[in-house]
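One file, model.csv, is given below (CSV, C-alpha atoms).
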```csv
chain,number,residue,atom,x,y,z
A,1,MET,CA,111.1,102.0,74.8
A,2,SER,CA,114.4,102.0,76.8
A,3,SER,CA,113.0,100.8,80.1
A,4,PRO,CA,109.7,99.2,81.4
A,5,ILE,CA,106.9,101.3,82.8
A,6,ARG,CA,107.2,101.4,86.6
A,7,LEU,CA,103.9,100.4,88.3
A,8,VAL,CA,103.8,100.6,92.0
A,9,LEU,CA,101.3,98.6,94.0
A,10,GLY,CA,99.7,100.7,96.8
A,11,SER,CA,99.9,98.1,99.5
A,12,ARG,CA,102.5,97.0,102.1
A,13,ASN,CA,100.8,93.6,102.5
A,14,ARG,CA,103.4,91.2,101.0
A,15,LYS,CA,100.9,88.4,100.2
A,16,LYS,CA,98.4,90.8,98.6
A,17,CYS,CA,101.1,92.4,96.5
A,18,GLN,CA,102.3,89.0,95.3
A,19,GLU,CA,98.8,88.0,94.4
A,20,MET,CA,98.3,91.3,92.5
A,21,ALA,CA,101.5,91.0,90.6
A,22,GLU,CA,100.5,87.4,89.5
A,23,LEU,CA,97.1,88.7,88.4
A,24,ILE,CA,98.5,91.6,86.4
A,25,ALA,CA,100.5,89.2,84.3
A,26,PRO,CA,99.0,85.7,84.8
A,27,PRO,CA,101.3,82.9,83.4
A,28,TRP,CA,98.3,81.3,81.7
A,29,GLU,CA,97.5,84.5,79.8
A,30,ARG,CA,101.0,85.8,79.1
A,31,ARG,CA,101.1,88.5,76.4
A,32,PRO,CA,103.9,90.8,75.1
A,33,TRP,CA,102.6,94.0,76.7
A,34,MET,CA,103.0,92.5,80.1
A,35,ASP,CA,106.7,92.5,79.7
A,36,LEU,CA,106.6,96.3,79.4
A,37,ILE,CA,105.7,96.7,83.1
A,38,ALA,CA,108.0,96.6,86.0
A,39,VAL,CA,105.9,95.9,89.1
A,40,GLU,CA,107.0,97.2,92.5
A,41,SER,CA,105.4,97.5,95.9
A,42,ILE,CA,105.2,100.7,98.0
A,43,ALA,CA,106.9,98.6,100.7
A,44,ALA,CA,110.1,99.4,98.9
A,45,TYR,CA,109.6,103.1,99.8
A,46,PRO,CA,109.5,103.2,103.6
A,47,ASP,CA,109.7,107.0,103.6
A,48,VAL,CA,106.4,107.4,101.8
A,49,PRO,CA,103.7,107.7,104.5
A,50,ASP,CA,100.8,105.3,104.6
A,51,VAL,CA,97.5,106.5,103.0
A,52,VAL,CA,94.7,107.0,105.5
A,53,GLU,CA,91.9,104.7,104.4
A,54,ASP,CA,89.0,106.8,105.6
A,55,ALA,CA,86.6,106.5,102.7
A,56,ASP,CA,83.3,104.8,103.3
A,57,THR,CA,83.4,102.6,100.2
A,58,PHE,CA,85.9,100.2,98.6
A,59,ALA,CA,86.1,102.4,95.5
A,60,GLY,CA,86.8,105.5,97.5
A,61,ASN,CA,89.7,103.9,99.4
A,62,ALA,CA,91.1,102.4,96.2
A,63,ARG,CA,91.1,105.7,94.4
A,64,LYS,CA,92.7,107.5,97.3
A,65,LYS,CA,95.5,104.9,97.7
A,66,ALA,CA,96.2,104.9,94.0
A,67,SER,CA,96.2,108.7,93.6
A,68,GLU,CA,98.3,109.5,96.7
A,69,THR,CA,100.9,106.8,95.9
A,70,ALA,CA,101.2,108.0,92.3
A,71,ARG,CA,101.7,111.6,93.3
A,72,ALA,CA,104.2,110.8,96.1
A,73,LEU,CA,106.4,108.8,93.8
A,74,GLY,CA,105.7,110.3,90.3
A,75,VAL,CA,104.9,106.9,88.9
A,76,TRP,CA,101.9,104.9,87.8
A,77,ALA,CA,100.2,103.3,90.8
A,78,LEU,CA,97.6,100.6,91.2
A,79,ALA,CA,95.7,100.1,94.4
A,80,ASP,CA,93.1,97.6,95.6
A,81,ASP,CA,90.6,97.9,98.3
A,82,SER,CA,88.8,94.8,99.2
A,83,GLY,CA,87.0,93.0,101.9
A,84,LEU,CA,84.4,90.7,103.2
A,85,ALA,CA,80.7,91.5,103.4
A,86,VAL,CA,78.7,89.1,105.5
A,87,ASP,CA,74.9,89.0,104.9
A,88,ALA,CA,73.9,88.3,108.5
A,89,LEU,CA,76.0,91.2,109.7
A,90,GLY,CA,74.5,93.7,107.3
A,91,GLY,CA,77.5,93.8,105.1
A,92,ALA,CA,80.1,94.0,107.9
A,93,PRO,CA,83.1,94.0,108.2
A,94,GLY,CA,83.1,95.6,104.8
A,95,VAL,CA,85.7,98.5,104.4
A,96,TYR,CA,86.9,97.7,107.9
A,97,SER,CA,87.8,94.0,107.0
A,98,ALA,CA,91.5,94.4,107.5
A,99,ARG,CA,91.2,96.1,110.9
A,100,TYR,CA,88.0,94.5,112.1
A,101,ALA,CA,89.6,93.5,115.4
A,102,GLY,CA,91.4,96.8,115.7
A,103,GLU,CA,94.9,98.0,115.0
A,104,PRO,CA,97.5,96.7,114.2
A,105,CYS,CA,95.8,94.5,111.5
A,106,ASP,CA,95.9,90.9,112.5
A,107,ASP,CA,94.4,88.1,110.4
A,108,ALA,CA,94.0,85.6,113.2
A,109,ALA,CA,92.3,88.2,115.5
A,110,ASN,CA,89.9,89.3,112.7
A,111,CYS,CA,88.9,85.7,112.0
A,112,SER,CA,88.4,85.1,115.7
A,113,LYS,CA,86.1,88.1,116.0
A,114,LEU,CA,84.1,87.1,113.0
A,115,PHE,CA,83.6,83.6,114.4
A,116,GLU,CA,82.3,85.1,117.6
A,117,ALA,CA,80.0,87.5,115.8
A,118,LEU,CA,78.5,84.6,113.8
A,119,SER,CA,78.5,82.0,116.6
A,120,HIS,CA,74.7,81.9,116.8
A,121,VAL,CA,74.0,82.2,113.1
A,122,PRO,CA,72.8,79.0,111.4
A,123,ASP,CA,74.7,77.5,108.5
A,124,ASP,CA,72.0,78.5,106.0
A,125,ARG,CA,72.3,82.2,106.9
A,126,ARG,CA,76.1,82.5,106.8
A,127,GLY,CA,76.3,83.7,103.2
A,128,ALA,CA,79.0,86.3,102.3
A,129,ALA,CA,80.8,87.9,99.5
A,130,PHE,CA,84.3,89.0,98.9
A,131,ARG,CA,84.5,92.3,97.0
A,132,CYS,CA,87.5,94.0,95.3
A,133,VAL,CA,87.8,97.4,93.7
A,134,LEU,CA,90.9,98.4,91.7
A,135,ALA,CA,92.0,101.9,90.8
A,136,LEU,CA,94.9,102.9,88.5
A,137,ALA,CA,96.4,106.4,88.7
A,138,ASP,CA,98.8,108.0,86.3
A,139,PRO,CA,102.0,109.8,87.7
A,140,GLU,CA,100.0,113.0,88.2
A,141,GLY,CA,97.5,111.1,90.4
A,142,ASN,CA,94.6,111.1,87.9
A,143,ILE,CA,92.5,107.9,88.1
A,144,ARG,CA,92.7,106.4,84.6
A,145,LEU,CA,91.1,103.0,85.2
A,146,GLU,CA,88.8,101.3,87.7
A,147,ALA,CA,87.4,97.8,87.9
A,148,GLU,CA,85.7,95.6,90.4
A,149,GLY,CA,84.8,92.0,91.1
A,150,SER,CA,83.1,89.9,93.7
A,151,VAL,CA,82.6,86.2,94.6
A,152,ARG,CA,79.9,84.6,96.7
A,153,GLY,CA,80.6,82.0,99.4
A,154,ARG,CA,79.8,81.0,102.9
A,155,ILE,CA,81.5,81.5,106.3
A,156,ILE,CA,82.2,78.1,107.9
A,157,ARG,CA,82.8,77.4,111.6
A,158,GLU,CA,86.5,76.6,111.6
A,159,ILE,CA,89.7,77.5,109.9
A,160,ARG,CA,90.5,75.2,106.9
A,161,GLY,CA,93.7,75.5,104.9
A,162,VAL,CA,96.9,77.4,105.1
A,163,GLY,CA,96.9,79.2,101.7
A,164,GLY,CA,95.9,82.8,101.0
A,165,PHE,CA,95.5,85.4,103.7
A,166,GLY,CA,92.9,87.3,105.7
A,167,TYR,CA,89.6,85.5,105.8
A,168,ASP,CA,90.5,83.0,103.1
A,169,PRO,CA,90.6,79.9,105.4
A,170,MET,CA,87.0,80.5,106.6
A,171,PHE,CA,85.4,81.4,103.2
A,172,LEU,CA,84.0,78.3,101.6
A,173,ILE,CA,83.3,78.1,97.9
A,174,PRO,CA,80.3,75.7,97.8
A,175,GLU,CA,80.9,74.4,94.3
A,176,TYR,CA,84.4,73.2,95.3
A,177,HIS,CA,83.7,72.2,98.9
A,178,LYS,CA,86.9,74.0,99.8
A,179,THR,CA,87.9,77.3,101.3
A,180,PHE,CA,90.1,79.8,99.6
A,181,GLY,CA,92.7,78.7,102.1
A,182,GLU,CA,92.5,75.1,100.7
A,183,LEU,CA,92.3,75.9,97.0
A,184,SER,CA,95.5,76.1,94.9
A,185,ALA,CA,96.7,79.5,93.9
A,186,LEU,CA,96.0,78.6,90.3
A,187,VAL,CA,92.3,77.8,91.0
A,188,LYS,CA,91.9,80.8,93.3
A,189,HIS,CA,93.4,83.1,90.6
A,190,GLN,CA,90.5,82.0,88.4
A,191,LEU,CA,87.7,82.4,91.0
A,192,SER,CA,88.5,85.1,93.4
A,193,HIS,CA,87.0,88.6,93.7
A,194,ARG,CA,90.5,90.0,93.0
A,195,ALA,CA,90.9,87.8,89.9
A,196,ARG,CA,87.6,88.9,88.5
A,197,ALA,CA,88.5,92.6,89.1
A,198,PHE,CA,91.8,92.1,87.3
A,199,SER,CA,90.1,90.4,84.3
A,200,HIS,CA,88.0,93.5,83.9
A,201,LEU,CA,91.1,95.8,84.3
A,202,ARG,CA,93.6,94.1,82.0
A,203,PRO,CA,92.1,95.2,78.6
A,204,GLY,CA,92.3,98.9,79.7
A,205,LEU,CA,95.7,98.4,81.2
A,206,GLU,CA,97.0,96.8,78.0
A,207,LYS,CA,95.8,99.8,76.0
A,208,LEU,CA,97.4,102.3,78.3
A,209,VAL,CA,100.7,100.4,78.5
A,210,SER,CA,100.8,100.0,74.7
A,211,GLU,CA,100.2,103.7,74.2
A,212,ALA,CA,102.9,104.6,76.7
A,213,ALA,CA,105.4,102.3,75.1
A,214,ARG,CA,105.1,104.0,71.6
```
Output the structure of this file as C-alpha cells.
Amino acid sequence: MSSPIRLVLGSRNRKKCQEMAELIAPPWERRPWMDLIAVESIAAYPDVPDVVEDADTFAGNARKKASETARALGVWALADDSGLAVDALGGAPGVYSARYAGEPCDDAANCSKLFEALSHVPDDRRGAAFRCVLALADPEGNIRLEAEGSVRGRIIREIRGVGGFGYDPMFLIPEYHKTFGELSALVKHQLSHRARAFSHLRPGLEKLVSEAAR
C-alpha cells in the first residue's frame, strides 16, 4: 500500500480526539496494522458543517456523525457519542451531556448545573454511568462497525483533579478512590467507557484495515 488509510474522527473536541487517537493505537498494545492508519480530526476541515446531533440515543448520534463525516470528505470516519447517565436524574443528562447547561458547550457550566441538580441527593444515591458508543463509516457513509462500553461510578460533591475533560473531575471510581480527573491517562485508558468501547472495536477495525491494505 502506497499510503496509510485516512481515518477522520468526527469531533472538533481536541481532548476527545486526542483520547480517541490514543485508544485506536494504544502504546501498550501496538500492532503492525495500526501503522496503516493516518488519524485526523474533522477540526482540520473547517468548511465541513457540524453534524446536528438530534438523535435520541448515543448510537443514533454516533452513526449520524460517522456517516455524514465520511460522505462529506470521502474517507473512513469514526465517531463517538458519549455521556453521563445519573441514576437519581432518571439517566440525565444522557445524550445532552455536552450541552447540559446550554450552548455553547461549557464543561464548567455543565458540572455546576449537575452539582446543583444533585445538591439534595445523599451520597449513597449518587450512582452514575459513563456510556460511549462508537460508529465507523466507510467513504460512502455506510456504517461498518459499532461498539459500546460503559463504566459505573459515583458523582461526588466537589471537583477533584485537572485531568480529562467534561464531567471527569466529579466522576469517582470507588475502587481507586479517585475521579477520572485524578487518574493518570494510562489508568483511565484501561478503565473508561471509551476505552472499553475501543477494546470491542479494535478487532473489527484490524480486519477492515488489513483487508483494505491488500
Using all atoms listed in the file, pick whichever of A:Ala137, A:Ala98, A:Leu36, A:Ala195 has the shortest atom-to-atom distance to Phe165 of chain A.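 Among the listed residues, the smallest separation from Phe165 of chain A belongs to A:Ala98.
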Segment 167-199 of chain A residues near segment 22-35 of chain A within 10 Å, closest pair each, using all atoms listed in the file, as a Markdown table:
```
| residue | atom | partner | partner_atom | distance |
| --- | --- | --- | --- | --- |
| A:Ala185 | CA | A:Glu22 | CA | 9.8 |
| A:Leu186 | CA | A:Trp28 | CA | 9.3 |
| A:His189 | CA | A:Leu23 | CA | 7.1 |
| A:Gln190 | CA | A:Leu23 | CA | 9.4 |
| A:Arg194 | CA | A:Leu23 | CA | 8.1 |
| A:Ala195 | CA | A:Leu23 | CA | 6.4 |
| A:Arg196 | CA | A:Leu23 | CA | 9.5 |
| A:Ala197 | CA | A:Leu23 | CA | 9.5 |
| A:Phe198 | CA | A:Leu23 | CA | 6.4 |
| A:Ser199 | CA | A:Leu23 | CA | 8.3 |
```
Restricting the calculation to all atoms listed in the file, which member of A:Arg99, A:Arg214, A:Lys178, A:Arg202 is positioned closest to Met20 of chain A?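 Of A:Arg99, A:Arg214, A:Lys178, A:Arg202, the one nearest Met20 of chain A, counting all atoms listed in the file, is A:Arg202.
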Separation of atom CA of Lys16 of chain A from atom CA of Glu211 of chain A, in Å and rounded to one decimal: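 It comes out at 27.7 Å.
The shell of residues at most 8 Å from segment 117-123 of chain A, with all atoms listed in the file counted and near chain neighbours (fewer than 3 positions) removed, consists of Ala88, Lys113, Leu114, Arg126 and Ile156 of chain A.
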In Å to one decimal, how far is atom CA of Val133 of chain A from atom CA of Gly149 of chain A?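 So the answer is 6.7 Å.
Taking all atoms listed in the file into account, Phe171 of chain A lies nearest to A:Gly127 out of the set A:Gly127, A:Pro104, A:Gly74, A:Pro4.
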What is the atom CA of Ile37 of chain A to atom CA of Lys207 of chain A distance in Å?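 So the two atoms, atom CA of Ile37 of chain A and atom CA of Lys207 of chain A, lie 12.6 Å apart.
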